[in-house]
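Q: File work.cif follows (mmCIF, C-alpha atoms and all ligand atoms):
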data_query
#
loop_
_atom_site.label_atom_id
_atom_site.label_comp_id
_atom_site.auth_asym_id
_atom_site.auth_seq_id
_atom_site.Cartn_x
_atom_site.Cartn_y
_atom_site.Cartn_z
CA MET M 1 81.63 111.45 179.60
CA GLU M 2 85.38 111.46 180.33
CA PHE M 3 87.59 109.56 177.91
CA SER M 4 91.09 108.25 178.51
CA SER M 5 91.77 108.40 174.77
CA LYS M 6 91.04 111.05 172.15
CA LEU M 7 90.81 108.29 169.52
CA LEU M 8 88.16 106.51 171.54
CA GLU M 9 86.29 109.77 172.12
CA ARG M 10 86.23 110.58 168.41
CA ALA M 11 84.92 107.13 167.48
CA VAL M 12 82.18 107.36 170.12
CA ASN M 13 81.20 110.85 168.99
CA GLU M 14 80.95 109.76 165.35
CA MET M 15 78.95 106.67 166.23
CA SER M 16 76.53 108.62 168.40
CA GLN M 17 75.55 110.76 165.38
CA LEU M 18 73.50 107.81 164.14
CA PRO M 19 69.75 107.84 164.84
CA GLY M 20 68.78 105.93 167.96
CA ILE M 21 72.39 105.65 169.16
CA GLY M 22 73.15 107.60 172.33
CA LYS M 23 76.61 108.11 173.80
CA ARG M 24 76.34 105.05 176.08
CA THR M 25 75.33 102.72 173.24
CA ALA M 26 78.05 104.22 171.05
CA LEU M 27 80.64 103.51 173.76
CA ARG M 28 79.40 99.92 174.13
CA LEU M 29 79.69 99.35 170.36
CA VAL M 30 83.11 100.91 170.12
CA LEU M 31 84.44 98.87 173.07
CA HIS M 32 83.01 95.77 171.40
CA MET M 33 84.97 96.62 168.26
CA LEU M 34 88.15 96.96 170.30
CA ARG M 35 87.68 93.39 171.54
CA GLN M 36 87.04 92.04 168.02
CA PRO M 37 89.82 91.11 165.59
CA LYS M 38 91.03 94.27 163.81
CA GLU M 39 90.02 92.91 160.40
CA GLN M 40 86.37 92.86 161.36
CA THR M 41 86.21 96.56 162.24
CA ILE M 42 88.31 97.48 159.21
CA GLY M 43 85.91 95.46 157.03
CA LEU M 44 82.96 97.37 158.47
CA ALA M 45 84.64 100.73 157.97
CA GLU M 46 85.55 99.88 154.37
CA ALA M 47 82.07 98.61 153.54
CA LEU M 48 80.53 101.85 154.86
CA LYS M 49 83.04 104.07 153.09
CA THR M 50 82.73 102.29 149.74
CA MET M 51 78.93 102.25 149.98
CA ARG M 52 78.77 105.96 150.78
CA VAL M 53 81.20 106.99 148.03
CA GLU M 54 80.13 104.66 145.23
CA VAL M 55 76.42 104.04 145.59
CA LYS M 56 74.28 105.68 142.91
CA PHE M 57 70.69 106.66 142.45
CA CYS M 58 69.18 105.13 139.30
CA LYS M 59 68.91 107.82 136.62
CA SER M 60 65.43 106.63 135.71
CA CYS M 61 63.67 105.60 138.95
CA ASN M 62 65.98 106.98 141.71
CA ASN M 63 66.29 103.56 143.32
CA ILE M 64 69.64 102.88 145.02
CA SER M 65 71.94 101.09 142.61
CA ASP M 66 75.58 100.21 141.94
CA VAL M 67 75.24 101.27 138.29
CA ALA M 68 73.66 104.22 136.46
CA LEU M 69 70.50 102.30 135.52
CA CYS M 70 69.28 99.99 138.29
CA GLU M 71 68.70 96.23 137.89
CA ILE M 72 64.94 96.64 137.82
CA CYS M 73 64.90 99.36 135.14
CA SER M 74 67.41 97.47 132.98
CA ASN M 75 65.57 94.13 133.25
CA PRO M 76 63.88 93.51 129.84
CA SER M 77 61.27 91.19 131.38
CA ARG M 78 59.74 94.00 133.47
CA ASN M 79 56.68 95.80 132.15
CA GLU M 80 58.00 99.31 131.51
CA GLY M 81 54.54 100.78 130.88
CA VAL M 82 53.53 100.32 134.54
CA ILE M 83 55.18 102.52 137.14
CA CYS M 84 54.65 102.09 140.86
CA VAL M 85 55.14 105.40 142.70
CA VAL M 86 56.71 105.00 146.16
CA GLU M 87 58.20 107.21 148.83
CA ASP M 88 61.55 105.61 149.33
CA VAL M 89 63.86 102.73 148.61
CA ARG M 90 62.52 100.64 151.49
CA ASP M 91 59.14 100.52 149.72
CA VAL M 92 60.77 99.15 146.57
CA MET M 93 62.37 96.44 148.69
CA ALA M 94 59.08 95.61 150.43
CA ILE M 95 57.16 95.35 147.14
CA GLU M 96 59.93 93.34 145.46
CA ASN M 97 59.74 90.87 148.38
CA THR M 98 56.11 90.15 147.49
CA SER M 99 57.12 88.88 143.99
CA SER M 100 53.66 90.10 142.90
CA TYR M 101 54.76 93.05 140.81
CA LYS M 102 56.55 93.06 137.45
CA GLY M 103 56.42 96.72 136.48
CA LEU M 104 58.92 99.49 137.22
CA TYR M 105 59.15 101.96 140.10
CA HIS M 106 59.56 105.65 140.65
CA VAL M 107 61.05 106.65 144.00
CA LEU M 108 59.89 110.12 145.06
CA GLY M 109 62.34 110.49 147.94
CA GLY M 110 59.63 111.43 150.46
CA LYS M 111 56.17 112.97 150.41
CA ILE M 112 54.82 116.49 150.35
CA SER M 113 54.78 117.77 153.93
CA PRO M 114 54.43 121.51 154.49
CA MET M 115 54.93 120.96 158.24
CA ASP M 116 58.42 119.61 157.54
CA GLY M 117 59.09 122.18 154.81
CA ILE M 118 58.96 119.57 152.03
CA GLY M 119 57.32 120.85 148.87
CA PRO M 120 56.76 119.16 145.48
CA HIS M 121 60.04 120.55 144.16
CA ASP M 122 62.03 118.78 146.87
CA LEU M 123 60.85 115.44 145.50
CA ASN M 124 61.44 113.52 142.24
CA ILE M 125 58.06 114.50 140.82
CA GLU M 126 59.08 116.39 137.67
CA SER M 127 60.89 113.39 136.23
CA LEU M 128 57.82 111.24 136.88
CA VAL M 129 55.53 113.72 135.15
CA ALA M 130 58.00 113.81 132.25
CA LYS M 131 57.68 110.01 131.84
CA VAL M 132 53.92 110.42 131.53
CA LYS M 133 54.20 113.33 129.06
CA GLU M 134 56.62 111.33 126.91
CA GLY M 135 54.06 108.51 126.79
CA LYS M 136 56.39 106.02 128.47
CA ALA M 137 53.99 105.33 131.32
CA LYS M 138 50.62 103.71 130.59
CA GLU M 139 49.70 103.23 134.24
CA LEU M 140 50.84 104.85 137.48
CA ILE M 141 50.17 102.94 140.68
CA PHE M 142 50.22 105.19 143.74
CA ALA M 143 51.71 103.16 146.59
CA LEU M 144 52.39 105.86 149.16
CA SER M 145 51.53 105.42 152.81
CA SER M 146 47.94 106.29 153.52
CA THR M 147 48.59 109.38 155.59
CA MET M 148 47.54 112.95 154.92
CA GLU M 149 50.96 113.64 153.39
CA GLY M 150 50.71 110.53 151.21
CA ASP M 151 47.24 111.53 150.00
CA THR M 152 48.37 115.10 149.32
CA THR M 153 51.30 113.82 147.27
CA ASN M 154 49.12 111.41 145.26
CA PHE M 155 46.66 114.18 144.50
CA TYR M 156 49.36 116.65 143.50
CA ILE M 157 50.83 114.18 141.01
CA TYR M 158 47.38 113.20 139.76
CA LYS M 159 46.60 116.87 139.01
CA GLN M 160 49.81 117.18 136.96
CA ILE M 161 49.05 114.21 134.75
CA GLN M 162 45.27 113.87 134.61
CA ASP M 163 45.05 115.40 131.11
CA TYR M 164 47.46 112.84 129.69
CA ASP M 165 46.72 109.37 128.40
CA VAL M 166 47.67 107.44 131.53
CA PHE M 167 45.64 105.22 133.83
CA THR M 168 46.11 105.95 137.54
CA SER M 169 45.45 103.44 140.28
CA THR M 170 46.12 103.15 143.97
CA ILE M 171 46.94 100.07 146.00
CA ALA M 172 43.95 98.44 147.69
CA ARG M 173 43.81 99.37 151.33
CA GLY M 174 44.26 96.08 153.06
CA ILE M 175 46.87 98.32 154.60
CA SER M 176 45.13 100.33 157.30
CA VAL M 177 45.10 104.10 157.32
CA GLY M 178 48.32 105.64 158.58
CA ASP M 179 50.34 102.47 158.10
CA GLU M 180 53.73 102.76 156.55
CA LEU M 181 54.16 100.53 153.54
CA GLU M 182 57.35 98.87 154.70
CA TYR M 183 55.64 97.35 157.74
CA ALA M 184 52.88 95.64 155.80
CA ASP M 185 53.34 91.90 155.59
CA GLU M 186 54.27 90.51 152.18
CA ILE M 187 51.01 88.73 151.45
CA THR M 188 48.86 91.77 152.30
CA LEU M 189 51.11 94.09 150.34
CA GLY M 190 51.24 91.71 147.37
CA ARG M 191 47.45 91.44 147.29
CA SER M 192 47.00 95.18 147.64
CA ILE M 193 49.01 95.70 144.45
CA VAL M 194 47.26 92.95 142.50
CA ASN M 195 43.85 94.24 143.66
CA ARG M 196 44.62 97.89 143.02
CA ILE M 197 41.72 100.22 142.30
CA PRO M 198 41.33 103.21 139.96
CA PHE M 199 42.67 106.33 141.68
CA GLU M 200 39.50 108.34 140.91
CA SER M 201 37.33 105.91 142.87
CA SER M 202 39.59 106.31 145.90
CA LEU M 203 38.91 110.06 145.82
CA LYS M 204 35.17 109.57 146.26
CA LEU M 205 35.55 107.51 149.42
ZN ZN C 301 65.81 102.21 138.16
#
Can the structure in the file be given as structure tokens, please?

A:
Amino acid sequence: MEFSSKLLERAVNEMSQLPGIGKRTALRLVLHMLRQPKEQTIGLAEALKTMRVEVKFCKSCNNISDVALCEICSNPSRNEGVICVVEDVRDVMAIENTSSYKGLYHVLGGKISPMDGIGPHDLNIESLVAKVKEGKAKELIFALSSTMEGDTTNFYIYKQIQDYDVFTSTIARGISVGDELEYADEITLGRSIVNRIPFESSLKL
């Protein structure tokens, strides 16, 4: 692609680093921005910059937050003895949308996947196990996607905590095998949390 402007070229190159955005799409977006009022593009750039620099990960659950302890963890009306274990922030958003859950979360930041070189120590598992050992968690609800990696991760965590006084459950599988949590509709996802089953019984299936 030949550019008549180095400034244009740089903007297109930066934009095309985003997933799913090729050079052609990047060029279309950048040209669109050039036709918009300047303020609009500057607003976008500032929102992205501020978000990237200032956003935090909650020190307790690793959810994305503007402050050190996220709104969910700092809400006194939430049941702090129940912790829902999820892969990423999108799962927290999906479950919150159901309005069916009043406990806390723990965001792992992924799942164990030897194929992708992701081991237990690459995830926020130690801090979760610590919550159980300290007696803060009375119940862990495993809400990972029902893939081999999700099952492996559940089982790894279960092994770490099974000797402690904590009840483990897993969301009911109205969600079909292999489905990612974030794509489940709200009613199905809400029900699957309410109708959760003991983790041990899911192992025998
Ligand atoms: Zn939090």

Q: Can you tell me, as a ChimeraX atom specification, what residues are no more than 8 Å from range 95-110 of chain M when counting all atoms listed in the file, ignoring any on the same chain fewer than 6 positions away?

A: /M:60-63,72-73,77-89,123-125,128,186-187,189-191,193-194

Q: Find the residues near range 168-173 of chain M: any atom within 9 Å, counting only C-alpha atoms, skip ones fewer than 6 places away on the same chain, and give them as a ChimeraX atom specification.

A: /M:138-144,146,154,158,162,189,191-202

Q: So the first atom is CA of Thr50 in chain M and the second is CA of Asp66 in chain M; what is the distance between them in Å, to one decimal place?

A: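 These atoms are spaced 10.8 Å apart.
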
Q: Could you check how far CA of Ala47 in chain M sits from CA of Met33 in chain M, in Å to one decimal?

A: 15.1 Å

Q: Which distance in Å separates CA of Lys111 in chain M and CA of Thr152 in chain M, to one decimal?

A: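 About the pair CA of Lys111 in chain M and CA of Thr152 in chain M: they are 8.2 Å apart.
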
Q: My list of candidates is M:Thr147, M:Val67, M:Thr153, M:Gly135. Which is closest to Gly119 in chain M when distances are computed with only C-alpha atoms?

A: M:Thr153

Q: Box for range 8-20 of chain M - axis-aligned, 6 Å on each of the six sides, all listed atoms - centre and size in Å to one decimal, as AutoDock Vina command-line options.

A:
--center_x 78.5 --center_y 108.4 --center_z 168.1 --size_x 31.4 --size_y 16.9 --size_z 20.0

Q: Calculated over only C-alpha atoms and all ligand atoms, which of the candidates M:Glu14, M:Glu46, M:Glu71, M:Glu149 has the smallest distance to ligand ZN 301 (chain C)?

A: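 Selected residue with least distance to ligand ZN 301 (chain C): M:Glu71.
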
Q: Of the residues M:Ile118, M:Val132, M:Val92, M:Cys58, which is the one nearest to ligand ZN 301 (chain C), using only C-alpha atoms and all ligand atoms?

A: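 Nearest candidate to ligand ZN 301 (chain C) out of M:Ile118, M:Val132, M:Val92, M:Cys58: M:Cys58.
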
Q: So, counting all atoms listed in the file, which residue among M:Ile21, M:Val30, M:Met1, M:Ile64 is closest to ligand ZN 301 (chain C)?

A: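 Closest candidate: M:Ile64.
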
Q: For ligand ZN 301 (chain C), which of M:Met148, M:Glu126, M:Val166, M:Ser65 is the closest residue, counting all atoms listed in the file?

A: M:Ser65

Q: So, with only C-alpha atoms and all ligand atoms as the atoms that count, which of M:Thr25, M:Leu69, M:Glu2, M:Leu34 lies closest to ligand ZN 301 (chain C)?

A: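 Checking each candidate against ligand ZN 301 (chain C), we get M:Leu69 as the closest.
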
Q: Could you tell me, as a compact mmCIF listing (two decimals) with C-alpha atoms, in the frame of the given file, which residues have any atom at most 12 Å from (85.8, 104.0, 172.4), counting all atoms listed in the file?

A:
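This is the output file point34.txt:
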# COMPACT_ATOMS: atom_id res chain seq x y z
CA MET M 1 81.63 111.45 179.60
CA GLU M 2 85.38 111.46 180.33
CA PHE M 3 87.59 109.56 177.91
CA SER M 4 91.09 108.25 178.51
CA SER M 5 91.77 108.40 174.77
CA LYS M 6 91.04 111.05 172.15
CA LEU M 7 90.81 108.29 169.52
CA LEU M 8 88.16 106.51 171.54
CA GLU M 9 86.29 109.77 172.12
CA ARG M 10 86.23 110.58 168.41
CA ALA M 11 84.92 107.13 167.48
CA VAL M 12 82.18 107.36 170.12
CA ASN M 13 81.20 110.85 168.99
CA GLU M 14 80.95 109.76 165.35
CA MET M 15 78.95 106.67 166.23
CA SER M 16 76.53 108.62 168.40
CA LYS M 23 76.61 108.11 173.80
CA ARG M 24 76.34 105.05 176.08
CA THR M 25 75.33 102.72 173.24
CA ALA M 26 78.05 104.22 171.05
CA LEU M 27 80.64 103.51 173.76
CA ARG M 28 79.40 99.92 174.13
CA LEU M 29 79.69 99.35 170.36
CA VAL M 30 83.11 100.91 170.12
CA LEU M 31 84.44 98.87 173.07
CA HIS M 32 83.01 95.77 171.40
CA MET M 33 84.97 96.62 168.26
CA LEU M 34 88.15 96.96 170.30
CA ARG M 35 87.68 93.39 171.54

Q: Could you add N, CA and C atoms to range 100-117 of chain M and give me the result as an mmCIF file, in the coordinates of the input?

A:
data_model
loop_
_atom_site.group_PDB
_atom_site.id
_atom_site.type_symbol
_atom_site.label_atom_id
_atom_site.label_comp_id
_atom_site.auth_asym_id
_atom_site.auth_seq_id
_atom_site.Cartn_x
_atom_site.Cartn_y
_atom_site.Cartn_z
ATOM 1 N N SER M 100 54.969 89.972 143.548
ATOM 2 C CA SER M 100 53.660 90.100 142.900
ATOM 3 C C SER M 100 53.656 91.180 141.832
ATOM 4 N N TYR M 101 54.763 91.869 141.662
ATOM 5 C CA TYR M 101 54.760 93.050 140.810
ATOM 6 C C TYR M 101 55.884 92.967 139.789
ATOM 7 N N LYS M 102 55.541 93.199 138.514
ATOM 8 C CA LYS M 102 56.550 93.060 137.450
ATOM 9 C C LYS M 102 56.754 94.348 136.649
ATOM 10 N N GLY M 103 56.214 95.449 137.157
ATOM 11 C CA GLY M 103 56.420 96.720 136.480
ATOM 12 C C GLY M 103 57.674 97.416 137.000
ATOM 13 N N LEU M 104 57.780 98.698 136.738
ATOM 14 C CA LEU M 104 58.920 99.490 137.220
ATOM 15 C C LEU M 104 58.476 100.343 138.420
ATOM 16 N N TYR M 105 59.420 101.093 138.950
ATOM 17 C CA TYR M 105 59.150 101.960 140.100
ATOM 18 C C TYR M 105 59.542 103.403 139.787
ATOM 19 N N HIS M 106 59.028 104.293 140.627
ATOM 20 C CA HIS M 106 59.560 105.650 140.650
ATOM 21 C C HIS M 106 59.625 106.067 142.119
ATOM 22 N N VAL M 107 60.844 106.318 142.590
ATOM 23 C CA VAL M 107 61.050 106.650 144.000
ATOM 24 C C VAL M 107 61.026 108.179 144.152
ATOM 25 N N LEU M 108 60.053 108.670 144.919
ATOM 26 C CA LEU M 108 59.890 110.120 145.060
ATOM 27 C C LEU M 108 60.937 110.734 146.000
ATOM 28 N N GLY M 109 61.391 109.951 146.961
ATOM 29 C CA GLY M 109 62.340 110.490 147.940
ATOM 30 C C GLY M 109 61.648 111.185 149.105
ATOM 31 N N GLY M 110 60.384 110.834 149.359
ATOM 32 C CA GLY M 110 59.630 111.430 150.460
ATOM 33 C C GLY M 110 58.225 111.743 150.011
ATOM 34 N N LYS M 111 57.519 112.545 150.808
ATOM 35 C CA LYS M 111 56.170 112.970 150.410
ATOM 36 C C LYS M 111 56.001 114.440 150.777
ATOM 37 N N ILE M 112 55.045 115.061 150.121
ATOM 38 C CA ILE M 112 54.820 116.490 150.350
ATOM 39 C C ILE M 112 54.373 116.694 151.802
ATOM 40 N N SER M 113 55.088 117.546 152.515
ATOM 41 C CA SER M 113 54.780 117.770 153.930
ATOM 42 C C SER M 113 55.133 119.196 154.318
ATOM 43 N N PRO M 114 54.161 120.110 154.177
ATOM 44 C CA PRO M 114 54.430 121.510 154.490
ATOM 45 C C PRO M 114 54.952 121.712 155.915
ATOM 46 N N MET M 115 54.483 120.858 156.839
ATOM 47 C CA MET M 115 54.930 120.960 158.240
ATOM 48 C C MET M 115 56.437 120.758 158.365
ATOM 49 N N ASP M 116 56.983 119.886 157.503
ATOM 50 C CA ASP M 116 58.420 119.610 157.540
ATOM 51 C C ASP M 116 59.173 120.418 156.485
ATOM 52 N N GLY M 117 58.455 121.347 155.830
ATOM 53 C CA GLY M 117 59.090 122.180 154.810
ATOM 54 C C GLY M 117 59.427 121.430 153.534
#
